[in-house]
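Comments concern the structure below.
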Number of protein chains: 2
Amino acid sequence: MDDGLLLQVYEHPLLSQEELKAICSLHKKVHFQRGNFMLKEGQVAGEYLILEEGLVRSFVHDYNGNDITTNFFSENEIVIEVSSLFQRIPSKENIQALTDCICWKIDFGDFQNLYHSITGFSEWGRAWMSQSLFESKQRAVSMITDSATERYLKLLEEKPSVVQNAPLKHIASYLGITDSSLSRIRKETTRS
Amino acid sequence: MDDGLLLQVYEHPLLSQEELKAICSLHKKVHFQRGNFMLKEGQVAGEYLILEEGLVRSFVHDYNGNDITTNFFSENEIVIEVSSLFQRIPSKENIQALTDCICWKIDFGDFQNLYHSITGFSEWGRAWMSQSLFESKQRAVSMITDSATERYLKLLEEKPSVVQNAPLKHIASYLGITDSSLSRIRKETTRS
DNA sequence: TTCATTTCTTGTCATAGGTCAAGTGGTACT
DNA sequence: AGTACCACTTGACCTATGACAAGAAATGAA
């Protein structure tokens with residue numbers, strides 16, 4: 001099994017080589033085509049994915065039916081809807097492949113067994129989730145303190161592959177602006 | 001020990017009465033005076049609190065030195081800086097009592113012992129954290145889809161005690177607007 | 001009670017970004 | 001080749017909210 005990627009994702013001081021092997025062996029390779037949904041709102045997530053290749057977004061619908069991109073997932077990242085997976089409730093979010101994707105999948109049941117039998121794994125999981133929470137809070141603060149242009153430039157720096165590969169309208173809704181505005185911002189910031 | 005509050009907070013299908021007792025017995029009552037800091041940026045959190053009485057806020061500083069309130073904690077809520085506590089890193093946030101407070105405190109070491117010895121407790125913790133993550137993501141979406149007035153009305157509905165007890169400037173920075181704007185919004189929406 | 005300080009309100013004016021609508025270029029299907 | 005549909009750009013105008021500044025009202029300390 002070609003699991004270099006997984007070893008990197010699960011790297012944690014409390015996890016031994018044997019434990020890592022056990023964890024990795026429960027992942028299966030899966031493919032998604034551009035446009036496919038990994039999770040649709042209303043479904044209960046039964047697994048999560050580790051993205052080896054491709055670009056993914058999550059989004060919700062606002063009351064006007066417009067969709068708001070809530071996150072982008074790039075290579076080496078965990079693609080997951082946490083509330084649905086861990087609280088066993090229907091997802092409010094959709095998760096969709098923006099390009100063809102290669103992923104490693106692990107089922108919730110297998111995950112649970114590891115989580116409750118390997119101390120280091122539950123530590124890893126908690127650390128991962130606290131990092132996600134931190135990033136989410138940062139996003140909210142950025143919406144308050146940064147201008148649209150600053151938010152765009154930050155995204156460009158932190159996830160250049162998103163800016164290069166995602167349609168402008170998805171990037172715009174992620175940044176909290178209209179696509180017209182993003183088009184103007186891009187024009188301004190490119191001309192240098 | 002008067003632990004009705006704690007029993008309510010730790011309510012979870014996988015936790016037995018004995019386990020709940022063990023968990024509650026590791027909490028100690030502590031008091032804070034209005035204005036006191038429960039955590040300052042730069043410190044590593046060594047505990048978390050359950051708020052029995054009072055009102056608390058967390059905040060960060062933006063690059064102009066202004067502070068941005070990132071959250072309010074009301075009675076029965078867990079007052080915590082997740083990243084610092086679980087990743088053992090210095091906090092970027094401050095946590096401060098807005099009124100005199102009565103809390104129940106549990107130390108990180110005691111928490112860890114429970115977390116790794118009681119299956120239901122690690123499930124409870126994960127569920128709690130995934131709920132926090134959900135709320136944080138909702139906040140980011142609300143910043144995008146809702147007007148300032150709508151955000152204010154939502155806060156009023158969800159946490160009326162905050163609107164009644166927190167200074168206007170903290171509420172304003174939490175909502176992502178200036179205090180002048182909030183003052184006008186309040187005037188508009190009150191006149192009914 | 002007085003003075004100082006903070007909190008909140010209100011006014012005027014400025015601006016980032018929204019709305020709506022038209023236009024261009026690309027891609028896919030028939 | 002023609003048609004339909006996206007994705008993106010651009011223009012003209014509008015609006016919510018910010019910036020700044022001056023009061024008023026409340027709070028707290030001496």
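To be explicit about the labels: the chains of the structure tokens are called A, B, and onward in the order shown, and within each one the residues are counted from 1, while ligands get numbers from 1 in the order they are shown.
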
Could you list the residues in chain D lying within 9 Å of chain A, using only C-alpha atoms (C1' of nucleotides), and format the result as a short mmCIF file (atom, residue, chain, number, x, y, z; two decimals) with N, CA and C atoms (P, O5', C5', C4', C3', O3' and C1' of nucleotides), in the first residue's frame?
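So selection.cif came out as:
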```
data_model
loop_
_atom_site.label_atom_id
_atom_site.label_comp_id
_atom_site.auth_asym_id
_atom_site.auth_seq_id
_atom_site.Cartn_x
_atom_site.Cartn_y
_atom_site.Cartn_z
P DA D 7 -20.17 28.34 -14.53
"O5'" DA D 7 -19.10 29.32 -15.17
"C5'" DA D 7 -17.91 28.76 -15.71
"C4'" DA D 7 -16.97 29.90 -16.03
"C3'" DA D 7 -16.67 30.78 -14.83
"O3'" DA D 7 -15.27 30.97 -14.76
"C1'" DA D 7 -17.55 32.09 -16.61
P DC D 8 -14.69 31.80 -13.50
"O5'" DC D 8 -14.60 33.29 -14.05
"C5'" DC D 8 -13.81 33.52 -15.22
"C4'" DC D 8 -14.16 34.87 -15.79
"C3'" DC D 8 -13.95 36.05 -14.84
"O3'" DC D 8 -12.74 36.68 -15.23
"C1'" DC D 8 -15.85 36.29 -16.28
P DT D 9 -12.26 38.05 -14.57
"O5'" DT D 9 -13.02 39.16 -15.43
"C5'" DT D 9 -12.73 39.27 -16.81
"C4'" DT D 9 -13.49 40.43 -17.39
"C3'" DT D 9 -13.24 41.78 -16.71
"O3'" DT D 9 -12.79 42.66 -17.73
"C1'" DT D 9 -15.56 41.40 -17.00
P DT D 10 -12.05 44.02 -17.39
"O5'" DT D 10 -13.23 45.08 -17.46
"C5'" DT D 10 -14.03 45.13 -18.63
"C4'" DT D 10 -15.27 45.94 -18.34
"C3'" DT D 10 -15.07 47.18 -17.46
"O3'" DT D 10 -15.20 48.31 -18.32
"C1'" DT D 10 -17.08 46.03 -16.96
#
```

Practice task
Fewer than 6 positions away in the same chain doesn't count, so skip those; otherwise give me all residues within 9 Å of Met129 (chain B), counting only C-alpha atoms (C1' of nucleotides), as a ChimeraX atom specification.
Solution key: /A:126,129-130,133 /B:82

Problem - helix (DSSP H, G or I) positions in region 55-174 of chain B, given as a PyMOL selection string - result: chain B and resi 82-87+108-117+119-145+148-158+160-165+168-174

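We find CA of Phe86 (chain A) and CA of His12 (chain B) to be spaced 13.5 Å apart.
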
Fitted chain A, least squares over ordered Cα pairs with chain B, as a tab-separated table (two decimals) with C-alpha atoms, in the first residue's frame:
```
chain	number	residue	atom	x	y	z
A	1	MET	CA	-21.33	18.78	46.36
A	2	ASP	CA	-23.99	20.76	44.56
A	3	ASP	CA	-23.40	19.35	41.12
A	4	GLY	CA	-26.72	19.58	39.31
A	5	LEU	CA	-25.19	21.98	36.84
A	6	LEU	CA	-22.30	19.66	36.09
A	7	LEU	CA	-24.58	16.66	35.62
A	8	GLN	CA	-26.48	18.68	33.06
A	9	VAL	CA	-23.37	19.76	31.19
A	10	TYR	CA	-21.92	16.24	31.03
A	11	GLU	CA	-25.18	14.52	30.15
A	12	HIS	CA	-24.34	11.86	27.53
A	13	PRO	CA	-25.93	8.48	26.65
A	14	LEU	CA	-22.65	6.62	27.15
A	15	LEU	CA	-21.93	8.00	30.61
A	16	SER	CA	-23.12	6.02	33.65
A	17	GLN	CA	-24.03	7.55	37.00
A	18	GLU	CA	-20.77	6.36	38.53
A	19	GLU	CA	-18.74	7.85	35.72
A	20	LEU	CA	-20.58	11.14	36.04
A	21	LYS	CA	-19.84	11.15	39.75
A	22	ALA	CA	-16.15	10.57	39.05
A	23	ILE	CA	-16.10	13.39	36.52
A	24	CYS	CA	-17.94	15.87	38.71
A	25	SER	CA	-15.81	15.13	41.75
A	26	LEU	CA	-12.75	16.49	39.98
A	27	HIS	CA	-14.28	19.95	39.60
A	28	LYS	CA	-13.58	22.71	42.08
A	29	LYS	CA	-15.59	25.84	42.64
A	30	VAL	CA	-13.80	29.10	41.82
A	31	HIS	CA	-14.82	32.76	41.78
A	32	PHE	CA	-13.79	35.60	39.49
A	33	GLN	CA	-14.43	39.28	39.88
A	34	ARG	CA	-15.69	41.50	37.11
A	35	GLY	CA	-12.75	42.40	34.87
A	36	ASN	CA	-10.54	39.49	35.95
A	37	PHE	CA	-8.84	37.44	33.28
A	38	MET	CA	-9.38	33.69	33.20
A	39	LEU	CA	-6.73	33.41	30.48
A	40	LYS	CA	-4.39	35.95	28.90
A	41	GLU	CA	-2.86	35.73	25.45
A	42	GLY	CA	0.58	34.15	25.62
A	43	GLN	CA	-0.39	31.81	28.46
A	44	VAL	CA	-0.92	28.09	28.00
A	45	ALA	CA	-4.35	27.11	29.31
A	46	GLY	CA	-4.13	24.59	32.15
A	47	GLU	CA	-7.81	24.09	32.82
A	48	TYR	CA	-11.27	24.90	31.64
A	49	LEU	CA	-14.26	26.30	33.45
A	50	ILE	CA	-17.96	25.66	33.56
A	51	LEU	CA	-19.83	28.86	34.17
A	52	GLU	CA	-22.44	28.64	36.89
A	53	GLU	CA	-23.16	32.32	37.22
A	54	GLY	CA	-22.01	35.40	35.32
A	55	LEU	CA	-21.00	36.51	31.86
A	56	VAL	CA	-17.64	36.03	30.14
A	57	ARG	CA	-16.14	37.10	26.83
A	58	SER	CA	-13.13	36.05	24.80
A	59	PHE	CA	-11.30	38.50	22.56
A	60	VAL	CA	-8.28	39.03	20.35
A	61	HIS	CA	-6.43	42.16	19.27
A	62	ASP	CA	-6.37	43.25	15.66
A	63	TYR	CA	-3.34	45.00	14.10
A	64	ASN	CA	-4.55	48.40	15.24
A	65	GLY	CA	-4.69	47.31	18.86
A	66	ASN	CA	-8.50	47.34	18.92
A	67	ASP	CA	-9.98	44.34	20.57
A	68	ILE	CA	-12.43	42.09	18.81
A	69	THR	CA	-14.78	40.05	20.95
A	70	THR	CA	-14.78	36.53	19.55
A	71	ASN	CA	-17.33	34.94	21.85
A	72	PHE	CA	-19.59	35.36	24.83
A	73	PHE	CA	-20.09	32.66	27.44
A	74	SER	CA	-23.28	32.55	29.47
A	75	GLU	CA	-24.45	30.42	32.35
A	76	ASN	CA	-24.12	26.63	31.91
A	77	GLU	CA	-21.52	27.03	29.18
A	78	ILE	CA	-17.97	25.77	29.01
A	79	VAL	CA	-15.39	28.55	29.08
A	80	ILE	CA	-12.30	27.32	27.27
A	81	GLU	CA	-9.65	28.16	24.74
A	82	VAL	CA	-9.51	24.88	22.89
A	83	SER	CA	-6.30	25.31	20.87
A	84	SER	CA	-4.24	26.33	23.85
A	85	LEU	CA	-5.61	23.68	26.18
A	86	PHE	CA	-5.41	20.72	23.81
A	87	GLN	CA	-2.42	21.64	21.71
A	88	ARG	CA	-0.45	22.95	24.72
A	89	ILE	CA	0.45	26.17	22.96
A	90	PRO	CA	0.23	29.82	24.06
A	91	SER	CA	-3.24	31.26	23.64
A	92	LYS	CA	-3.90	33.94	21.03
A	93	GLU	CA	-7.10	34.81	22.84
A	94	ASN	CA	-7.92	36.47	26.12
A	95	ILE	CA	-10.78	35.35	28.31
A	96	GLN	CA	-12.28	37.84	30.71
A	97	ALA	CA	-15.13	38.01	33.22
A	98	LEU	CA	-17.64	40.72	32.31
A	99	THR	CA	-19.45	40.30	35.61
A	100	ASP	CA	-18.56	38.58	38.88
A	101	CYS	CA	-18.57	34.87	38.11
A	102	ILE	CA	-18.96	31.54	39.85
A	103	CYS	CA	-17.34	28.66	37.99
A	104	TRP	CA	-16.40	25.02	38.28
A	105	LYS	CA	-12.83	24.34	37.26
A	106	ILE	CA	-11.19	21.15	36.07
A	107	ASP	CA	-7.44	20.82	35.52
A	108	PHE	CA	-6.04	19.53	32.27
A	109	GLY	CA	-4.29	16.60	33.95
A	110	ASP	CA	-7.48	15.40	35.59
A	111	PHE	CA	-9.33	15.90	32.35
A	112	GLN	CA	-6.78	13.78	30.50
A	113	ASN	CA	-7.15	10.91	32.94
A	114	LEU	CA	-10.89	10.88	32.47
A	115	TYR	CA	-10.60	11.32	28.71
A	116	HIS	CA	-8.40	8.27	28.32
A	117	SER	CA	-10.10	6.02	30.85
A	118	ILE	CA	-13.80	6.62	30.23
A	119	THR	CA	-15.01	5.83	26.72
A	120	GLY	CA	-18.18	7.84	27.14
A	121	PHE	CA	-16.20	10.84	28.26
A	122	SER	CA	-14.06	11.01	25.14
A	123	GLU	CA	-17.27	10.63	23.12
A	124	TRP	CA	-18.81	13.46	25.09
A	125	GLY	CA	-15.74	15.63	24.50
A	126	ARG	CA	-15.72	14.98	20.81
A	127	ALA	CA	-19.42	15.71	20.51
A	128	TRP	CA	-18.97	18.94	22.46
A	129	MET	CA	-16.11	20.03	20.25
A	130	SER	CA	-17.89	19.18	17.04
A	131	GLN	CA	-20.81	21.29	18.22
A	132	SER	CA	-18.43	24.19	18.90
A	133	LEU	CA	-16.96	23.83	15.44
A	134	PHE	CA	-20.44	23.84	13.95
A	135	GLU	CA	-21.32	27.04	15.79
A	136	SER	CA	-18.10	28.70	14.72
A	137	LYS	CA	-18.77	27.84	11.08
A	138	GLN	CA	-22.28	29.18	11.40
A	139	ARG	CA	-20.90	32.42	12.70
A	140	ALA	CA	-18.69	32.80	9.63
A	141	VAL	CA	-21.63	32.08	7.32
A	142	SER	CA	-23.77	34.57	9.21
A	143	MET	CA	-21.11	37.25	8.68
A	144	ILE	CA	-21.50	36.62	4.94
A	145	THR	CA	-25.23	36.16	4.49
A	146	ASP	CA	-26.81	38.35	7.18
A	147	SER	CA	-26.96	42.11	7.53
A	148	ALA	CA	-25.72	43.75	10.72
A	149	THR	CA	-29.30	44.16	11.90
A	150	GLU	CA	-30.06	40.49	11.32
A	151	ARG	CA	-26.95	39.43	13.20
A	152	TYR	CA	-27.95	41.66	16.10
A	153	LEU	CA	-31.46	40.25	16.22
A	154	LYS	CA	-30.11	36.70	16.14
A	155	LEU	CA	-27.81	37.41	19.06
A	156	LEU	CA	-30.68	39.05	20.91
A	157	GLU	CA	-32.73	35.90	20.42
A	158	GLU	CA	-29.99	33.36	21.12
A	159	LYS	CA	-28.24	35.09	24.00
A	160	PRO	CA	-30.47	37.82	25.42
A	161	SER	CA	-28.38	38.00	28.57
A	162	VAL	CA	-25.42	39.16	26.49
A	163	VAL	CA	-27.34	42.03	24.96
A	164	GLN	CA	-28.61	43.00	28.39
A	165	ASN	CA	-25.33	42.77	30.27
A	166	ALA	CA	-22.38	43.28	27.95
A	167	PRO	CA	-21.10	46.77	27.07
A	168	LEU	CA	-22.24	47.92	23.66
A	169	LYS	CA	-18.73	48.10	22.23
A	170	HIS	CA	-18.08	44.42	22.94
A	171	ILE	CA	-21.33	43.41	21.32
A	172	ALA	CA	-20.51	45.62	18.33
A	173	SER	CA	-17.08	44.09	17.74
A	174	TYR	CA	-18.57	40.62	18.12
A	175	LEU	CA	-21.10	41.49	15.42
A	176	GLY	CA	-18.39	42.97	13.22
A	177	ILE	CA	-19.65	46.57	13.26
A	178	THR	CA	-18.75	49.83	15.01
A	179	ASP	CA	-20.40	50.88	18.22
A	180	SER	CA	-22.00	53.86	16.46
A	181	SER	CA	-23.68	51.52	14.01
A	182	LEU	CA	-24.89	49.22	16.75
A	183	SER	CA	-26.29	52.17	18.63
A	184	ARG	CA	-28.30	53.15	15.54
A	185	ILE	CA	-29.44	49.58	14.91
A	186	ARG	CA	-30.59	49.26	18.49
A	187	LYS	CA	-32.54	52.50	18.19
A	188	GLU	CA	-34.22	51.30	14.98
A	189	THR	CA	-35.15	47.86	16.27
A	190	THR	CA	-36.30	48.99	19.71
A	191	ARG	CA	-38.77	51.59	18.43
A	192	SER	CA	-41.65	49.14	17.78
```

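Interatomic distance, C1' of DT17 (chain D) against C1' of DT7 (chain C): 20.8 Å.
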
Exercise for the section: Output the contact residues of chain C with respect to chain A at a cut-off of 10 Å, based on only C-alpha atoms (C1' of nucleotides), as an MDAnalysis selection string. Expected result: chainID C and resid 16:19

Keeping only N, CA and C atoms (P, O5', C5', C4', C3', O3' and C1' of nucleotides), write the selected residues to a file as an mmCIF file, in the first residue's frame.
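Result saved to result-v6.cif:
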```cif
data_model
loop_
_atom_site.group_PDB
_atom_site.id
_atom_site.type_symbol
_atom_site.label_atom_id
_atom_site.label_comp_id
_atom_site.auth_asym_id
_atom_site.auth_seq_id
_atom_site.Cartn_x
_atom_site.Cartn_y
_atom_site.Cartn_z
ATOM 1 P P DA C 16 -12.732 52.661 -0.345
ATOM 2 O "O5'" DA C 16 -13.017 51.150 0.072
ATOM 3 C "C5'" DA C 16 -13.334 50.860 1.436
ATOM 4 C "C4'" DA C 16 -14.386 49.769 1.492
ATOM 5 C "C3'" DA C 16 -14.182 48.634 0.513
ATOM 6 O "O3'" DA C 16 -14.509 47.437 1.213
ATOM 7 C "C1'" DA C 16 -16.280 49.668 0.085
ATOM 8 P P DG C 17 -14.235 46.006 0.562
ATOM 9 O "O5'" DG C 17 -15.636 45.669 -0.090
ATOM 10 C "C5'" DG C 17 -16.775 45.616 0.762
ATOM 11 C "C4'" DG C 17 -18.024 45.661 -0.072
ATOM 12 C "C3'" DG C 17 -18.063 44.653 -1.222
ATOM 13 O "O3'" DG C 17 -19.131 43.759 -0.954
ATOM 14 C "C1'" DG C 17 -18.856 46.800 -1.890
ATOM 15 P P DG C 18 -19.904 42.840 -1.933
ATOM 16 O "O5'" DG C 18 -21.233 43.688 -2.203
ATOM 17 C "C5'" DG C 18 -22.160 43.869 -1.137
ATOM 18 C "C4'" DG C 18 -23.486 44.383 -1.668
ATOM 19 C "C3'" DG C 18 -24.144 43.476 -2.703
ATOM 20 O "O3'" DG C 18 -25.550 43.417 -2.449
ATOM 21 C "C1'" DG C 18 -23.683 45.594 -3.670
ATOM 22 P P DT C 19 -26.452 42.447 -3.284
ATOM 23 O "O5'" DT C 19 -27.019 43.341 -4.475
ATOM 24 C "C5'" DT C 19 -27.686 44.560 -4.176
ATOM 25 C "C4'" DT C 19 -28.190 45.155 -5.482
ATOM 26 C "C3'" DT C 19 -28.716 44.118 -6.479
ATOM 27 O "O3'" DT C 19 -29.980 44.587 -6.910
ATOM 28 C "C1'" DT C 19 -27.119 45.518 -7.533
#
```

Exercise for the section: Report the residues of chain B whose backbone DSSP state falls under strand (DSSP E), written as a ChimeraX atom specification. Expected result: /B:28-32,37-39,47-53,56-61,67-73,78-79,94-97,101-107
